[in-house]
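Student: Could you have a look at this structure, given as structure tokens, before my questions?
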Amino acid sequence: MIKASERVGVHSHIRGLGIRNNEPQPVADGLVGQIEARRAAWLVVQLIKKGKMAGRAILFVGPPGTGKTALAVAIARELGPETPFMALTGSEIYSAELKKTEVLMQAMRKSIGVRIRERRWVYEGVVEKIEYKFDRHPLNPYQQIPVGGIITLKTDKETRTLKVDSNIVYQLLQRGVSEGDVIWIDEETGRVTRAGRVKGYGEYDVGASELVDMPKGPIYKEKEFVYTLTLHDLDEMQSRSESIISLFFGAPEYKEIPPDVRAKVDKTVKEWVENGRAELIPGVLFIDDAHMLDIEAFSFLSRAMESELSPIIILATNRGHTRIRGTDIESPHGMPLDLLDRLLIIKTQPYTPDEIREILKIRAKEEGVELEDTALEELVKLGSERSLRYASQLLAPSKILAEQKGKTTVTVEEVQQASKLFISTKESAKYLQELEEKMLK
């Protein structure tokens, strides 16, 4: 069985850009090296916070495995924990179900958050007593269904008994609400929310319930709720509400969002912002392998940069001079020159052996891999000669090989064994050359 702690993302260790007193540290916040690139990225963060990135985007250029994606993630982390981050590769826009521009539009709107503040009248308190009333099912005489109930709520100042209908009883049963739980019931919608178990009420040595404080004040009160959605979430909600089929089956009638639906959402969000009910949270749209985009996609992104509702667009590529997809024109990074002129371009450099060593230490700790010093040095050697990605990918197989031998620490023997079982890109290319005549063409 895979534990939750073992499902580690490639960049799950990134906490920020590792800047202290406006200067990047050699190793900090999960990043290693790339001092100049991180210094430039820090300036980008300041530009974003001051609202001076309108009409522009960022391009990371450098060889494979030089931390371009990690820097994009770090920028999003620096902008705040609620900053939406949407990542896709250039080839993902070529979908059989959606138009290229629709894929890009949805990605952009998934990158813009809307923090909504809403005040609702609710009944809130600790469940002191709860009773359900059941009756026969109208179609099945052998089955009983809830038809109502009585619930007693308590706060630090008041105790109140309420009669509730079958809809609320169903929700109470579904959420497993019992005496000692803190709940609130929305007066308008009847929606029941279970906040947790009140502290000091029937505490157990082992329990999964979250402990919360005793509610204060009156039971019937106005309460503020704050939640964050993306523009795409709102688009889907609006499109479902306009679909007759979705009213019955709960699914959108179409996968592409019509422009008029997005226009309605934009108008509503602007009204919310003007009324102080919501605020926009511009996020980050990261497109890796941007050279895979074609001329139509580049034109769309150029227009999108000028949009009033646009996320921070970060592109990355490892290509030099190459043909712009969809044309016969060759250009730096396979991108139109007029678009390149509007980008802040940041270069990344290959890592030194010392930097590779630090990165592998971080990744090994993140993945729970104990390495002997000789095993670490072997991985550093492989990372320098072949690639950092290749060396990082050998961590997990090496750990499994060690476990099969009853070891808790990975030695150089397991690393060498893993490197023989899984070859690098360079070795794969050499293998193709050796057996070129026997390969299918």
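The way I read the labels, and the way they are meant: chains A, B, ... in the order of the structure tokens, residue 1 as the first residue of every chain, and ligand 1 as the first ligand shown, with later ones counted on from there.
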Find the residues near Gly30 in chain A: any atom within 12 Å, counting only C-alpha atoms, skip ones fewer than 2 places away on the same chain, and give them as a ChimeraX atom specification.
Tutor: /A:10-19,24-28,32-33,67,70-71,73-74,77,355,358-363,365-366
Student: With only C-alpha atoms as the counted atoms, please give the residues lying no more than 10 Å from range 347-350 of chain A, apart from itself and same-chain residues fewer than 5 positions off, as a PDB file with C-alpha atoms, in the first residue's frame.
Tutor:
ATOM      1  CA  GLY A  33      22.051  27.463  -7.329  1.00  0.00           C
ATOM      2  CA  GLN A  34      20.656  29.403 -10.318  1.00  0.00           C
ATOM      3  CA  ILE A  35      21.527  32.595  -8.433  1.00  0.00           C
ATOM      4  CA  GLU A  36      21.090  34.991 -11.365  1.00  0.00           C
ATOM      5  CA  ALA A  37      17.858  33.351 -12.508  1.00  0.00           C
ATOM      6  CA  ARG A  38      16.426  33.505  -8.981  1.00  0.00           C
ATOM      7  CA  ALA A  40      15.614  37.925 -11.863  1.00  0.00           C
ATOM      8  CA  LEU A  59      10.232  33.106 -20.609  1.00  0.00           C
ATOM      9  CA  PHE A  60      12.701  30.714 -18.978  1.00  0.00           C
ATOM     10  CA  VAL A  61      15.310  29.406 -21.415  1.00  0.00           C
ATOM     11  CA  GLY A  62      18.006  26.836 -20.712  1.00  0.00           C
ATOM     12  CA  PRO A  63      19.086  23.211 -21.184  1.00  0.00           C
ATOM     13  CA  PRO A  64      16.865  20.388 -19.876  1.00  0.00           C
ATOM     14  CA  GLY A  65      16.978  19.814 -16.124  1.00  0.00           C
ATOM     15  CA  THR A  66      18.098  23.307 -15.129  1.00  0.00           C
ATOM     16  CA  GLY A  67      15.169  24.149 -12.849  1.00  0.00           C
ATOM     17  CA  LYS A  68      12.856  26.114 -15.141  1.00  0.00           C
ATOM     18  CA  LEU A  71      11.471  28.528 -10.655  1.00  0.00           C
ATOM     19  CA  ALA A 316       9.718  27.679 -20.664  1.00  0.00           C
ATOM     20  CA  ASN A 318      14.959  24.150 -23.945  1.00  0.00           C
ATOM     21  CA  GLU A 355      24.822  21.932  -6.773  1.00  0.00           C
ATOM     22  CA  ILE A 356      23.740  18.513  -8.072  1.00  0.00           C
ATOM     23  CA  SER A 384      27.097  15.322 -14.085  1.00  0.00           C
ATOM     24  CA  SER A 387      21.620  14.433 -16.482  1.00  0.00           C
ATOM     25  CA  LEU A 388      20.257  15.605 -13.147  1.00  0.00           C
TER      26      LEU A 388
END
Student: Counting only C-alpha atoms, which residues of range 46-158 of chain A fall within 6 Å of range 278-284 of chain A, and what is the closest atom pair for each with its distance in Å at one decimal, ordered by chain and rising number, as CSV?
Tutor:
residue,atom,partner,partner_atom,distance
A:Thr83,CA,A:Gly283,CA,5.1
A:Pro84,CA,A:Gly283,CA,4.5
A:Phe85,CA,A:Val284,CA,4.9
A:Ser111,CA,A:Gly283,CA,4.8
A:Ile112,CA,A:Pro282,CA,4.8
A:Gly113,CA,A:Ile281,CA,4.7
A:Val114,CA,A:Leu280,CA,4.7
A:Arg115,CA,A:Glu279,CA,5.3
A:Ile116,CA,A:Ala278,CA,4.3
A:Arg117,CA,A:Ala278,CA,5.8
Student: Residues at most 12 Å from Lys407 in chain A, counting only C-alpha atoms, excluding those fewer than 5 positions away in the same chain, as a list in words?
Tutor: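 Everything that qualifies: Val369, Glu370, Leu371, Glu372, Ser398, Lys399, Ile400, Leu401, Ala402, Glu413 and Glu414 of chain A.
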Student: Take the selection from the previous step and output its residues with N, CA, C and O atoms, as a short mmCIF file (atom, residue, chain, number, x, y, z; two decimals), in the first residue's frame.
Tutor:
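Done, and the output landed in again.cif:
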data_model
loop_
_atom_site.label_atom_id
_atom_site.label_comp_id
_atom_site.auth_asym_id
_atom_site.auth_seq_id
_atom_site.Cartn_x
_atom_site.Cartn_y
_atom_site.Cartn_z
N VAL A 369 14.53 8.63 1.14
CA VAL A 369 15.59 7.71 0.73
C VAL A 369 16.86 8.00 1.54
O VAL A 369 17.39 9.11 1.49
N GLU A 370 17.32 6.99 2.29
CA GLU A 370 18.57 7.12 3.06
C GLU A 370 19.73 6.68 2.15
O GLU A 370 19.76 5.55 1.66
N LEU A 371 20.70 7.59 1.95
CA LEU A 371 21.82 7.31 1.04
C LEU A 371 23.14 7.25 1.80
O LEU A 371 23.42 8.11 2.65
N GLU A 372 23.92 6.23 1.50
CA GLU A 372 25.31 6.24 1.97
C GLU A 372 26.08 7.30 1.17
O GLU A 372 25.69 7.65 0.05
N SER A 398 16.45 2.65 -6.63
CA SER A 398 17.57 2.24 -5.77
C SER A 398 17.07 1.88 -4.38
O SER A 398 17.53 0.92 -3.76
N LYS A 399 16.10 2.64 -3.88
CA LYS A 399 15.54 2.36 -2.56
C LYS A 399 14.83 1.00 -2.54
O LYS A 399 14.99 0.21 -1.60
N ILE A 400 14.07 0.71 -3.61
CA ILE A 400 13.36 -0.58 -3.68
C ILE A 400 14.35 -1.73 -3.76
O ILE A 400 14.18 -2.77 -3.11
N LEU A 401 15.41 -1.56 -4.54
CA LEU A 401 16.43 -2.61 -4.64
C LEU A 401 17.08 -2.86 -3.27
O LEU A 401 17.37 -4.01 -2.91
N ALA A 402 17.32 -1.79 -2.52
CA ALA A 402 17.91 -1.93 -1.19
C ALA A 402 16.95 -2.66 -0.24
O ALA A 402 17.36 -3.54 0.53
N GLU A 413 26.10 0.02 -4.52
CA GLU A 413 25.74 -1.19 -5.27
C GLU A 413 24.35 -1.07 -5.88
O GLU A 413 24.15 -1.42 -7.05
N GLU A 414 23.37 -0.58 -5.11
CA GLU A 414 22.00 -0.43 -5.62
C GLU A 414 21.91 0.64 -6.69
O GLU A 414 21.18 0.51 -7.67
#
Student: In Å, how far is it from CA of Leu315 in chain A to CA of Met108 in chain A?
Tutor: 12.9 Å
Student: With only C-alpha atoms as the basis for distance, which of A:Glu158, A:Val261, A:Val127, A:Asp373 is at the shortest distance from Gly196 in chain A?
Tutor: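 Using only C-alpha atoms, the shortest distance to Gly196 in chain A belongs to A:Val127.
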Student: Which neighbours of range 209-213 of chain A fall inside 6 Å, counting only C-alpha atoms, when residues of the same chain fewer than 6 positions from it are skipped, and could you give them as a PyMOL selection string?
Tutor: chain A and resi 196-199
Student: Name the residues of range 120-363 of chain A that come out as strand (DSSP E or B) in a backbone DSSP run; write them as number ranges by chain.
Tutor: A: 120-136, 144-154, 159-165, 181-186, 192-198, 211-212, 220-230, 278-282, 284-288, 294, 312-317, 321-323, 325, 330-332, 343-347
Student: Kindly indicate which residue among A:Gln174, A:Glu124, A:Asp29, A:Met105 lies nearest to Glu78 in chain A, using only C-alpha atoms for the distances.
Tutor: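 When distances to Glu78 in chain A are compared using only C-alpha atoms, the smallest one comes from A:Asp29.
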Student: Within 10 Å of Thr374 in chain A, counting only C-alpha atoms, which residues qualify if same-chain residues fewer than 6 places away don't, as an MDAnalysis selection string?
Tutor: chainID A and resid 380 410:413 415
Student: For the selection just defined, write its residues with N, CA, C and O atoms to a file, as a CSV table (one decimal), in the first residue's frame.
Tutor:
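Output file out26.csv is given in full below:
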chain,number,residue,atom,x,y,z
A,380,VAL,N,25.8,11.7,-8.0
A,380,VAL,CA,26.4,13.0,-8.4
A,380,VAL,C,27.1,12.8,-9.7
A,380,VAL,O,27.0,13.6,-10.7
A,410,VAL,N,20.5,3.0,1.1
A,410,VAL,CA,20.9,2.7,-0.3
A,410,VAL,C,22.4,2.8,-0.3
A,410,VAL,O,23.0,3.9,0.1
A,411,THR,N,23.1,1.8,-0.9
A,411,THR,CA,24.5,1.8,-1.1
A,411,THR,C,24.8,2.0,-2.6
A,411,THR,O,23.9,2.0,-3.4
A,412,VAL,N,26.1,2.2,-2.9
A,412,VAL,CA,26.5,2.4,-4.3
A,412,VAL,C,26.2,1.2,-5.1
A,412,VAL,O,25.9,1.3,-6.3
A,413,GLU,N,26.1,0.0,-4.5
A,413,GLU,CA,25.7,-1.2,-5.3
A,413,GLU,C,24.3,-1.1,-5.9
A,413,GLU,O,24.2,-1.4,-7.0
A,415,VAL,N,22.7,1.7,-6.5
A,415,VAL,CA,22.7,2.8,-7.5
A,415,VAL,C,23.2,2.3,-8.8
A,415,VAL,O,22.6,2.5,-9.9
Student: List every residue of range 58-178 of chain A that DSSP, applied to the backbone of this structure, assigns to helix (DSSP H, G or I), and report them as an mmCIF file with C-alpha atoms, in the first residue's frame.
Tutor:
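Below you can see result-v2.cif, which holds the result:
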data_model
loop_
_atom_site.group_PDB
_atom_site.id
_atom_site.type_symbol
_atom_site.label_atom_id
_atom_site.label_comp_id
_atom_site.auth_asym_id
_atom_site.auth_seq_id
_atom_site.Cartn_x
_atom_site.Cartn_y
_atom_site.Cartn_z
ATOM 1 C CA LYS A 68 12.856 26.114 -15.141
ATOM 2 C CA THR A 69 9.687 24.495 -13.779
ATOM 3 C CA ALA A 70 10.978 24.767 -10.210
ATOM 4 C CA LEU A 71 11.471 28.528 -10.655
ATOM 5 C CA ALA A 72 7.938 28.927 -12.004
ATOM 6 C CA VAL A 73 6.549 27.042 -8.979
ATOM 7 C CA ALA A 74 8.715 29.182 -6.670
ATOM 8 C CA ILE A 75 7.288 32.394 -8.149
ATOM 9 C CA ALA A 76 3.764 31.164 -7.447
ATOM 10 C CA ARG A 77 4.780 30.227 -3.859
ATOM 11 C CA GLU A 78 6.210 33.711 -3.302
ATOM 12 C CA GLY A 90 2.799 22.937 -25.138
ATOM 13 C CA SER A 91 1.660 19.651 -26.662
ATOM 14 C CA GLU A 92 -1.412 19.448 -24.373
ATOM 15 C CA ILE A 93 -3.291 22.051 -26.386
ATOM 16 C CA LYS A 100 -6.527 24.827 -29.098
ATOM 17 C CA THR A 101 -7.736 28.251 -28.084
ATOM 18 C CA GLU A 102 -10.351 26.715 -25.772
ATOM 19 C CA VAL A 103 -7.689 24.657 -23.968
ATOM 20 C CA LEU A 104 -5.591 27.795 -23.475
ATOM 21 C CA MET A 105 -8.584 29.876 -22.394
ATOM 22 C CA GLN A 106 -9.636 27.292 -19.808
ATOM 23 C CA ALA A 107 -6.049 27.074 -18.526
ATOM 24 C CA MET A 108 -5.900 30.858 -18.186
ATOM 25 C CA ARG A 109 -9.163 31.038 -16.273
ATOM 26 C CA LYS A 110 -8.077 28.185 -13.986
ATOM 27 C CA SER A 166 -36.520 15.682 6.278
ATOM 28 C CA ASN A 167 -33.969 17.441 4.021
ATOM 29 C CA ILE A 168 -31.936 18.572 7.032
ATOM 30 C CA VAL A 169 -32.327 15.167 8.708
ATOM 31 C CA TYR A 170 -30.918 13.467 5.594
ATOM 32 C CA GLN A 171 -27.888 15.778 5.728
ATOM 33 C CA LEU A 172 -27.375 15.172 9.446
ATOM 34 C CA LEU A 173 -27.389 11.421 8.846
ATOM 35 C CA GLN A 174 -25.094 11.632 5.806
#
Student: Kindly give the distance, in Å, that separates CA of Tyr94 in chain A and CA of Ile257 in chain A, rounded to a single decimal.
Tutor: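 Atom-to-atom, CA of Tyr94 in chain A to CA of Ile257 in chain A, that is 17.2 Å.
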Student: Find the distance between CA of Met53 in chain A and CA of Leu309 in chain A and write it in Å to one decimal.
Tutor: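 A separation of 12.5 Å between them.
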Student: Kindly indicate which residue among A:Met292, A:Leu339, A:Ile324, A:Val226 lies nearest to Arg119 in chain A, using only C-alpha atoms for the distances.
Tutor: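 Residue with the minimum atom-to-atom distance to Arg119 in chain A: A:Val226.
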Student: Given the choices A:Glu377, A:Glu224, A:Asp289, A:Glu306, which gets closest to Gly334 in chain A if the distance is worked out from only C-alpha atoms?
Tutor: A:Asp289
Student: Trp184 in chain A: which residues within 7 Å, counting only C-alpha atoms, same-chain residues fewer than 3 positions away excluded, as JSON, numbers by chain?
Tutor: {"A": [122, 123, 124, 125, 192, 193, 194]}
Student: Dump N, CA and C atoms for the selected residues as a short mmCIF file (atom, residue, chain, number, x, y, z; two decimals), in the first residue's frame?
Tutor:
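Final output, out_35.cif:
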data_model
loop_
_atom_site.label_atom_id
_atom_site.label_comp_id
_atom_site.auth_asym_id
_atom_site.auth_seq_id
_atom_site.Cartn_x
_atom_site.Cartn_y
_atom_site.Cartn_z
N VAL A 122 -27.31 31.93 9.87
CA VAL A 122 -27.21 30.50 10.16
C VAL A 122 -27.62 30.23 11.61
N TYR A 123 -27.92 28.97 11.87
CA TYR A 123 -28.08 28.46 13.22
C TYR A 123 -26.80 27.68 13.55
N GLU A 124 -26.07 28.14 14.55
CA GLU A 124 -24.78 27.52 14.88
C GLU A 124 -24.74 27.13 16.36
N GLY A 125 -24.23 25.94 16.62
CA GLY A 125 -24.09 25.52 18.00
C GLY A 125 -23.62 24.09 18.13
N VAL A 192 -26.39 21.88 5.73
CA VAL A 192 -25.79 21.57 7.03
C VAL A 192 -24.27 21.43 6.86
N THR A 193 -23.51 22.09 7.72
CA THR A 193 -22.05 21.97 7.72
C THR A 193 -21.60 21.51 9.09
N ARG A 194 -20.80 20.46 9.11
CA ARG A 194 -20.24 19.95 10.37
C ARG A 194 -18.83 20.50 10.52
#
Student: Restricting the calculation to only C-alpha atoms, which member of A:Glu118, A:Arg357, A:Arg262, A:Ile287 is positioned closest to Tyr227 in chain A?
Tutor: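 Once distances to Tyr227 in chain A are computed over only C-alpha atoms, the minimum belongs to A:Glu118.
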Student: Choose the residue, out of A:Ile329, A:Ile145, A:Leu234, A:Val126, that has the smallest atom-to-atom separation from Glu179 in chain A; count only C-alpha atoms.
Tutor: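 Between A:Ile329, A:Ile145, A:Leu234, A:Val126, the residue approaching Glu179 in chain A most closely is A:Val126.
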Student: Name the residues in contact with Ala57 in chain A at a cut-off of 9 Å, using only C-alpha atoms, excluding same-chain residues fewer than 6 positions from it; report them as a list in words.
Tutor: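 Answer for this query is Met305, Ile312, Ile313, Ile314, Leu315, Arg342, Leu343, Leu344 and Ile345 of chain A.
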